[in-house]
Amino acid sequence: MALRPRFSVDRLDDVPPSEADFQITRKAGPFEVMTHLFHELGIQSNILVAARYSHAGSAHLTPTNISRALEKVVWDHPALSTIGISQPSEKKPGNHQLWEARIPSISLADCVSFIDICSGVKDPDLSQVFENAHNEWLDTKRTTKPWWFLVIVNAQYAVFIYHHSIGDGLSGYTFHRSLLSALNAEEGSEPILECKTDFSKPLTPSPLDQISDKLSWPHVIYTFLFWQLIRFLINQKYFLFSNADYAKTYPTVAKPLPVEEKTTTHVKTLRVKQEEMGKILDACHHHNTSFTALLHTLIQITLATDIYPKAHIGFSRVAVNIRPFLKEGSGKDEFNNAASQYSRQQFLGKYRAAGKGLSKHDQSSQYGLDVRQFWKVASSYKRDMNDFIWKRRTALQDFLTGKLLGEDEEEIGTFYGLGLYQNNGFLISNIGAFEPKDDMTHGGWSITDVGFSAGQIRAALGDAGIVFNVASVKGGDCLVIATYEKGVLEGKMVVKVLEALMARLRLLT
């Protein structure tokens with residue numbers, strides 16, 4: 001099964017785009033500039049959040065109800081009409097600065113497609129849908145097109161694909177909360193071909209301007225020196241993903257790479273069924289830990305025991321939502337880039353010991369687990385993560401270092417130090433359980449399944465390992481999307497990791 005390029009099947013009736021003027025609103029922040037450059041230089045394509053829409057009756061997603069719902073969603077969210085415009089720098093002649101601009105209307109022919117795949121099969125192969133989506137790059141050159149795309153699969157799944165500069169993973173939930181609410185309130189019978197935008201609504205304030213903490217220079221210096229020393233003193237063969245095969249070069253504003261060398265993302269999926277997920281969450285509560293800490297511990301055990309038995313140190317990162325720390329707040333119904341990270345460097349001995357223990361063993365596979373040791377390690381990780389985020393507020397310090405990136409595209413586009421901090425690690429990005437709006441009209445529509453995924457960042461600048469993107473519906477299945485860069489890791493190794501995770505997960509229930 002494959003999707004056609006540009007998702008061009010059964011599009012809404014084409015309407016010639018009008019070359020309407022855009023309205024420049026403000027300078028883009030450093031994270032928006034960086035993600036813009038990631039896209040323009042072929043380093044990272046996009047992120048996406050998909051949802052399965054179910055109706056109490058027999059209704060399906062159609063051009064009419066989707067277009068009419070989008071009319072309200074676009075009107076309510078300024079980020080959906082935001083694009084980036086590169087202008088001459090105000091600081092240095094010859095340099096460029098990115099500005100955020102709004103377009104006055106959006107032709108849905110530019111950003112909505114309906115496709116049918118796997119005829120006769122209820123659920124499509126989401127891994128293939130996501131992979132194709134990540135390897136289609138948005139058209140950011142035309143100033144009449146928005147920086148997002150919506151693909152309706154089998155009249156049931158809505159896959160929202162968007163440029164990272166307009167929002168993070170949780171912003172995808174914002175979109176689906178709004179789309180679900182609009183569908184439930186929709187009563188029209190004629191499709192909408194163009195959505196107007198509301199220029200009177202301001203963009204969400206930049207998170208960097210909403211943090212009361214001040215950047216700590218001792219934290220910046222310590223972090224830099226720590227990573228320099230660990231890279232210098234320890235042979236890479238003792239790290240995870242020591243066999244990752246990738247060029248150490250990467251494109252910059254000064255030295256872009258050819259178009260054909262853009263990053264290619266591969267996708268594998270792991271689905272934890274509703275019944276198993278309920279038991280796992282109960283066990284996490286009993287052991288004073290979280291599903292994210294549980295997943296992190298299982299991944300470290302699997303990598304240390306089954307994939308890299310000679311590795312000594314494991315690098316890991318967990319995405320952290322910093323919205324609760326912002327002065328004016330940024331709720332569930334706003335687009336934003338408000339994600340930091342919890343980064344750890346850990347000796348793998350305790351994880352390997354837990355993986356080789358035989359207090360429980362999957363008789364159909366080779367995977368064992370010392371359950372008592374597992375819960376001890378997972379609970380400790382959760383306590384350390386809480387301390388990092390809430391007491392020491394180090395996640396805010398890591399986020400505030402974005403102020404050091406600069407303003408001009410040429411400054412930010414050197415990408416200095418990204419590989420130093422991230423290579424040889426894995427990332428967990430868990431956007432939690434989807435919940436609809438509290439005040440939503442009950443029109444029969446509900447979301448019964450969700451999935452979240454981010455296009456892989458070029459290995460020289462990213463983790464060079466596996467990224468685990470996690471999303472679920474409250475009381476439903478949990479979908480873990482594992483992404484990796486083409487040619488960097490072997491697909492069969494990623495599949496083995498997911499198989500081991502599922503086998504050990506079942507030993508905990």
# chains A, B, ... in the order shown; residues from 1 in each chain; ligands from 1
$ residues_around --residues "A:Leu183" --least-positions-apart "6" --cutoff "12 Å" --atoms "only C-alpha atoms" --output "MDAnalysis selection string"
chainID A and resid 53:55 59:73 176:177 440:447
$ write_last_selection --atoms "C-alpha atoms" --output "mmCIF file, in the first residue's frame"
data_model
loop_
_atom_site.group_PDB
_atom_site.id
_atom_site.type_symbol
_atom_site.label_atom_id
_atom_site.label_comp_id
_atom_site.auth_asym_id
_atom_site.auth_seq_id
_atom_site.Cartn_x
_atom_site.Cartn_y
_atom_site.Cartn_z
ATOM 1 C CA TYR A 53 -13.324 10.178 14.092
ATOM 2 C CA SER A 54 -16.303 7.973 14.927
ATOM 3 C CA HIS A 55 -19.990 8.859 14.788
ATOM 4 C CA ALA A 59 -21.860 9.613 9.325
ATOM 5 C CA HIS A 60 -18.353 9.781 7.868
ATOM 6 C CA LEU A 61 -15.862 12.557 7.220
ATOM 7 C CA THR A 62 -16.806 14.252 3.953
ATOM 8 C CA PRO A 63 -15.673 17.314 1.999
ATOM 9 C CA THR A 64 -18.774 19.114 3.247
ATOM 10 C CA ASN A 65 -18.519 18.530 6.987
ATOM 11 C CA ILE A 66 -14.723 18.798 7.038
ATOM 12 C CA SER A 67 -14.629 22.061 5.086
ATOM 13 C CA ARG A 68 -17.369 23.662 7.157
ATOM 14 C CA ALA A 69 -15.665 22.578 10.385
ATOM 15 C CA LEU A 70 -12.318 23.902 9.158
ATOM 16 C CA GLU A 71 -13.915 27.281 8.518
ATOM 17 C CA LYS A 72 -14.408 27.678 12.264
ATOM 18 C CA VAL A 73 -11.076 26.079 13.234
ATOM 19 C CA HIS A 176 -8.256 18.024 16.815
ATOM 20 C CA ARG A 177 -10.064 19.349 19.882
ATOM 21 C CA MET A 440 -18.359 20.778 23.313
ATOM 22 C CA THR A 441 -21.782 20.319 21.724
ATOM 23 C CA HIS A 442 -22.756 16.650 21.580
ATOM 24 C CA GLY A 443 -23.457 16.070 17.923
ATOM 25 C CA GLY A 444 -22.553 12.393 17.748
ATOM 26 C CA TRP A 445 -18.871 12.709 16.850
ATOM 27 C CA SER A 446 -16.054 11.408 19.052
ATOM 28 C CA ILE A 447 -12.347 10.644 18.696
#
$ closest_atom_pairs --of "stretch 178-219 of chain A" --to "stretch 339-351 of chain A" --cutoff "12 Å" --atoms "only C-alpha atoms" --output "Markdown table"
| residue | atom | partner | partner_atom | distance |
| --- | --- | --- | --- | --- |
| A:Ser206 | CA | A:Ala339 | CA | 12.0 |
| A:Pro207 | CA | A:Ala339 | CA | 9.4 |
| A:Leu208 | CA | A:Ala339 | CA | 11.0 |
$ write_last_selection --atoms "N, CA and C atoms" --output "compact mmCIF listing (two decimals), in the first residue's frame"
# COMPACT_ATOMS: atom_id res chain seq x y z
N SER A 206 5.13 34.44 22.64
CA SER A 206 6.26 33.51 22.62
C SER A 206 6.54 33.00 24.03
N PRO A 207 6.72 31.69 24.22
CA PRO A 207 7.02 31.17 25.56
C PRO A 207 8.28 31.78 26.17
N LEU A 208 9.26 32.13 25.35
CA LEU A 208 10.48 32.73 25.89
C LEU A 208 10.20 34.06 26.60
$ residues_around --residues "A:Thr448" --least-positions-apart "4" --cutoff "10 Å" --atoms "only C-alpha atoms" --output "list in words"
Ala51, Arg52, Tyr53, Ser54, His55, Phe434, Ser472, Val473, Lys474, Gly475, Gly476 and Asp477 of chain A
$ select_by_dssp --residues "stretch 353-438 of chain A" --states "helix (DSSP H, G or I)" --output "MDAnalysis selection string"
chainID A and resid 353:356 371:391 394:405 409:412 418:422
$ write_last_selection --atoms "C-alpha atoms" --output "compact mmCIF listing (two decimals), in the first residue's frame"
# COMPACT_ATOMS: atom_id res chain seq x y z
CA ALA A 353 20.55 -6.47 35.46
CA ALA A 354 16.78 -5.90 35.30
CA GLY A 355 16.65 -7.19 31.73
CA LYS A 356 18.52 -10.38 32.48
CA VAL A 371 10.04 -7.12 37.87
CA ARG A 372 11.03 -5.98 41.35
CA GLN A 373 14.21 -4.35 40.05
CA PHE A 374 12.26 -2.84 37.16
CA TRP A 375 9.77 -1.00 39.38
CA LYS A 376 12.57 0.21 41.62
CA VAL A 377 14.41 1.77 38.65
CA ALA A 378 11.24 3.19 37.05
CA SER A 379 10.11 4.80 40.32
CA SER A 380 13.56 6.32 40.86
CA TYR A 381 13.56 7.76 37.35
CA LYS A 382 10.15 9.34 37.95
CA ARG A 383 11.33 10.97 41.21
CA ASP A 384 14.44 12.34 39.50
CA MET A 385 12.36 13.69 36.61
CA ASN A 386 9.94 15.44 38.98
CA ASP A 387 12.86 17.02 40.82
CA PHE A 388 14.43 18.16 37.54
CA ILE A 389 11.21 19.74 36.26
CA TRP A 390 9.40 21.06 39.33
CA LYS A 391 12.01 21.67 42.05
CA THR A 394 16.17 22.76 34.99
CA ALA A 395 13.79 22.13 32.10
CA LEU A 396 13.14 25.88 32.02
CA GLN A 397 16.88 26.57 31.98
CA ASP A 398 17.32 24.25 29.01
CA PHE A 399 14.48 26.04 27.23
CA LEU A 400 15.89 29.49 28.02
CA THR A 401 19.16 28.62 26.30
CA GLY A 402 17.18 29.24 23.11
CA LYS A 403 17.87 32.92 23.70
CA LEU A 404 21.52 32.23 22.90
CA LEU A 405 20.75 31.00 19.39
CA GLU A 409 18.96 33.03 10.11
CA GLU A 410 22.70 32.93 9.47
CA GLU A 411 23.39 32.90 13.25
CA ILE A 412 20.85 30.28 14.17
CA LEU A 418 23.13 20.28 18.59
CA GLY A 419 24.88 17.02 17.78
CA LEU A 420 27.10 17.37 20.84
CA TYR A 421 24.07 17.22 23.16
CA GLN A 422 21.90 14.74 21.27
$ closest_atom_pairs --of "stretch 183-276 of chain A" --to "stretch 97-106 of chain A" --cutoff "12 Å" --atoms "only C-alpha atoms" --output "tab-separated table"
residue	atom	partner	partner_atom	distance
A:Ile192	CA	A:Ile106	CA	10.7
A:Leu193	CA	A:Ile106	CA	8.6
A:Glu194	CA	A:Ile106	CA	5.5
A:Cys195	CA	A:Ile106	CA	5.1
A:Lys196	CA	A:Ser105	CA	4.4
A:Thr197	CA	A:Pro104	CA	5.3
A:Asp198	CA	A:Pro104	CA	7.6
A:Phe199	CA	A:Pro104	CA	7.5
A:Ser200	CA	A:Arg102	CA	10.9
A:Lys201	CA	A:Arg102	CA	10.8
A:Pro202	CA	A:Arg102	CA	10.3
A:Leu203	CA	A:Glu100	CA	9.6
A:Thr204	CA	A:Glu100	CA	11.9
A:Ser206	CA	A:Glu100	CA	11.8
$ residues_around --residues "A:Arg458" --least-positions-apart "3" --cutoff "8 Å" --atoms "only C-alpha atoms" --output "PDB file with all heavy atoms, in the first residue's frame"
ATOM      1  N   ILE A  43      16.399  19.241   6.809  1.00  0.00           N
ATOM      2  CA  ILE A  43      16.842  18.560   8.029  1.00  0.00           C
ATOM      3  C   ILE A  43      15.683  17.834   8.714  1.00  0.00           C
ATOM      4  O   ILE A  43      15.839  16.718   9.206  1.00  0.00           O
ATOM      5  CB  ILE A  43      17.491  19.576   8.989  1.00  0.00           C
ATOM      6  CG1 ILE A  43      18.760  20.155   8.355  1.00  0.00           C
ATOM      7  CG2 ILE A  43      17.810  18.949  10.335  1.00  0.00           C
ATOM      8  CD1 ILE A  43      19.321  21.358   9.080  1.00  0.00           C
ATOM      9  N   GLN A  44      14.513  18.448   8.759  1.00  0.00           N
ATOM     10  CA  GLN A  44      13.312  17.845   9.331  1.00  0.00           C
ATOM     11  C   GLN A  44      12.104  18.347   8.572  1.00  0.00           C
ATOM     12  O   GLN A  44      11.975  19.543   8.315  1.00  0.00           O
ATOM     13  CB  GLN A  44      13.169  18.173  10.818  1.00  0.00           C
ATOM     14  CG  GLN A  44      11.977  17.483  11.476  1.00  0.00           C
ATOM     15  CD  GLN A  44      11.750  17.921  12.912  1.00  0.00           C
ATOM     16  OE1 GLN A  44      11.962  19.093  13.250  1.00  0.00           O
ATOM     17  NE2 GLN A  44      11.311  17.009  13.770  1.00  0.00           N
ATOM     18  N   TYR A 250      26.362  18.310   7.877  1.00  0.00           N
ATOM     19  CA  TYR A 250      24.954  18.700   7.830  1.00  0.00           C
ATOM     20  C   TYR A 250      24.850  20.047   7.128  1.00  0.00           C
ATOM     21  O   TYR A 250      25.811  20.819   7.086  1.00  0.00           O
ATOM     22  CB  TYR A 250      24.362  18.771   9.237  1.00  0.00           C
ATOM     23  CG  TYR A 250      25.118  19.653  10.208  1.00  0.00           C
ATOM     24  CD1 TYR A 250      24.887  21.021  10.277  1.00  0.00           C
ATOM     25  CD2 TYR A 250      26.081  19.102  11.056  1.00  0.00           C
ATOM     26  CE1 TYR A 250      25.583  21.825  11.161  1.00  0.00           C
ATOM     27  CE2 TYR A 250      26.786  19.898  11.947  1.00  0.00           C
ATOM     28  CZ  TYR A 250      26.535  21.257  11.996  1.00  0.00           C
ATOM     29  OH  TYR A 250      27.226  22.064  12.859  1.00  0.00           O
ATOM     30  N   THR A 263      16.340  14.693   4.553  1.00  0.00           N
ATOM     31  CA  THR A 263      16.173  13.596   5.504  1.00  0.00           C
ATOM     32  C   THR A 263      14.945  12.756   5.151  1.00  0.00           C
ATOM     33  O   THR A 263      13.865  13.290   4.906  1.00  0.00           O
ATOM     34  CB  THR A 263      16.010  14.151   6.931  1.00  0.00           C
ATOM     35  OG1 THR A 263      17.124  14.980   7.235  1.00  0.00           O
ATOM     36  CG2 THR A 263      15.930  13.019   7.944  1.00  0.00           C
ATOM     37  N   LEU A 461      22.579  16.137  13.557  1.00  0.00           N
ATOM     38  CA  LEU A 461      22.085  17.205  14.431  1.00  0.00           C
ATOM     39  C   LEU A 461      21.112  16.696  15.484  1.00  0.00           C
ATOM     40  O   LEU A 461      20.760  17.431  16.410  1.00  0.00           O
ATOM     41  CB  LEU A 461      21.379  18.288  13.596  1.00  0.00           C
ATOM     42  CG  LEU A 461      22.264  19.094  12.650  1.00  0.00           C
ATOM     43  CD1 LEU A 461      21.401  19.983  11.766  1.00  0.00           C
ATOM     44  CD2 LEU A 461      23.262  19.929  13.433  1.00  0.00           C
ATOM     45  N   GLY A 462      20.667  15.449  15.359  1.00  0.00           N
ATOM     46  CA  GLY A 462      19.652  14.920  16.265  1.00  0.00           C
ATOM     47  C   GLY A 462      20.174  13.783  17.116  1.00  0.00           C
ATOM     48  O   GLY A 462      21.362  13.667  17.388  1.00  0.00           O
ATOM     49  N   ALA A 464      20.218  10.551  16.433  1.00  0.00           N
ATOM     50  CA  ALA A 464      20.837   9.468  15.663  1.00  0.00           C
ATOM     51  C   ALA A 464      20.353   8.109  16.154  1.00  0.00           C
ATOM     52  O   ALA A 464      20.849   7.075  15.724  1.00  0.00           O
ATOM     53  CB  ALA A 464      22.366   9.542  15.705  1.00  0.00           C
ATOM     54  N   GLU A 485      15.945   7.548  10.962  1.00  0.00           N
ATOM     55  CA  GLU A 485      16.339   8.061   9.653  1.00  0.00           C
ATOM     56  C   GLU A 485      16.790   6.934   8.737  1.00  0.00           C
ATOM     57  O   GLU A 485      17.504   6.016   9.154  1.00  0.00           O
ATOM     58  CB  GLU A 485      17.468   9.088   9.791  1.00  0.00           C
ATOM     59  CG  GLU A 485      17.858   9.729   8.465  1.00  0.00           C
ATOM     60  CD  GLU A 485      18.965  10.759   8.595  1.00  0.00           C
ATOM     61  OE1 GLU A 485      19.287  11.145   9.726  1.00  0.00           O
ATOM     62  OE2 GLU A 485      19.520  11.170   7.549  1.00  0.00           O
TER      63      GLU A 485
END
$ atom_distance --atom1 "atom CA of A:Leu270" --atom2 "atom CA of A:His296"
14.7 Å
$ residues_around --residues "A:Asn243" --least-positions-apart "2" --cutoff "9 Å" --atoms "only C-alpha atoms" --output "VMD selection string"
chain A and resid 237 240 to 241 245 488 to 489
$ write_last_selection --atoms "N, CA and C atoms" --output "PDB file, in the first residue's frame"
ATOM      1  N   LYS A 237      32.139   3.650  21.182  1.00  0.00           N
ATOM      2  CA  LYS A 237      31.671   2.268  21.143  1.00  0.00           C
ATOM      3  C   LYS A 237      30.976   1.856  22.440  1.00  0.00           C
ATOM      4  N   LEU A 240      25.146   3.954  23.449  1.00  0.00           N
ATOM      5  CA  LEU A 240      24.077   3.367  22.654  1.00  0.00           C
ATOM      6  C   LEU A 240      24.158   3.893  21.223  1.00  0.00           C
ATOM      7  N   PHE A 241      23.606   3.135  20.292  1.00  0.00           N
ATOM      8  CA  PHE A 241      23.559   3.510  18.872  1.00  0.00           C
ATOM      9  C   PHE A 241      24.959   3.786  18.316  1.00  0.00           C
ATOM     10  N   ASP A 245      24.917   4.667  11.303  1.00  0.00           N
ATOM     11  CA  ASP A 245      25.721   4.974  10.118  1.00  0.00           C
ATOM     12  C   ASP A 245      25.237   6.276   9.490  1.00  0.00           C
ATOM     13  N   VAL A 488      20.438   5.140   8.582  1.00  0.00           N
ATOM     14  CA  VAL A 488      21.181   5.347   9.826  1.00  0.00           C
ATOM     15  C   VAL A 488      21.092   4.122  10.727  1.00  0.00           C
ATOM     16  N   LEU A 489      19.884   3.583  10.887  1.00  0.00           N
ATOM     17  CA  LEU A 489      19.654   2.371  11.662  1.00  0.00           C
ATOM     18  C   LEU A 489      18.969   1.335  10.778  1.00  0.00           C
TER      19      LEU A 489
END
$ atom_distance --atom1 "atom CA of A:Ile299" --atom2 "atom CA of A:Thr509"
17.1 Å
$ residues_around --residues "A:Val480" --least-positions-apart "5" --cutoff "7 Å" --atoms "only C-alpha atoms" --output "MDAnalysis selection string"
chainID A and resid 269:271 468:471
$ closest_residue --among "A:Asp408, A:Ile428, A:Asn288, A:Gly94" --to "A:Ser453" --atoms "only C-alpha atoms"
A:Ile428
$ residues_around --residues "A:Phe335" --least-positions-apart "6" --cutoff "7 Å" --atoms "only C-alpha atoms" --output "list of chain:residue names"
A:Ala79, A:Ile166, A:Gly167, A:Ser171, A:Thr174
$ write_last_selection --atoms "C-alpha atoms" --output "PDB file, in the first residue's frame"
ATOM      1  CA  ALA A  79      -1.440  29.956  13.933  1.00  0.00           C
ATOM      2  CA  ILE A 166       3.486  26.821  14.082  1.00  0.00           C
ATOM      3  CA  GLY A 167       3.282  24.401  16.989  1.00  0.00           C
ATOM      4  CA  SER A 171      -0.660  21.808  19.309  1.00  0.00           C
ATOM      5  CA  THR A 174      -5.398  21.602  19.983  1.00  0.00           C
TER       6      THR A 174
END
$ atom_distance --atom1 "atom CA of A:Leu41" --atom2 "atom CA of A:Val74"
27.9 Å
$ select_by_dssp --residues "stretch 149-191 of chain A" --states "strand (DSSP E)" --output "number ranges by chain"
A: 149-153, 157-162
$ closest_residue --among "A:Gln456, A:Ser178, A:Ser316, A:Gln156" --to "A:Glu435" --atoms "only C-alpha atoms"
A:Ser178
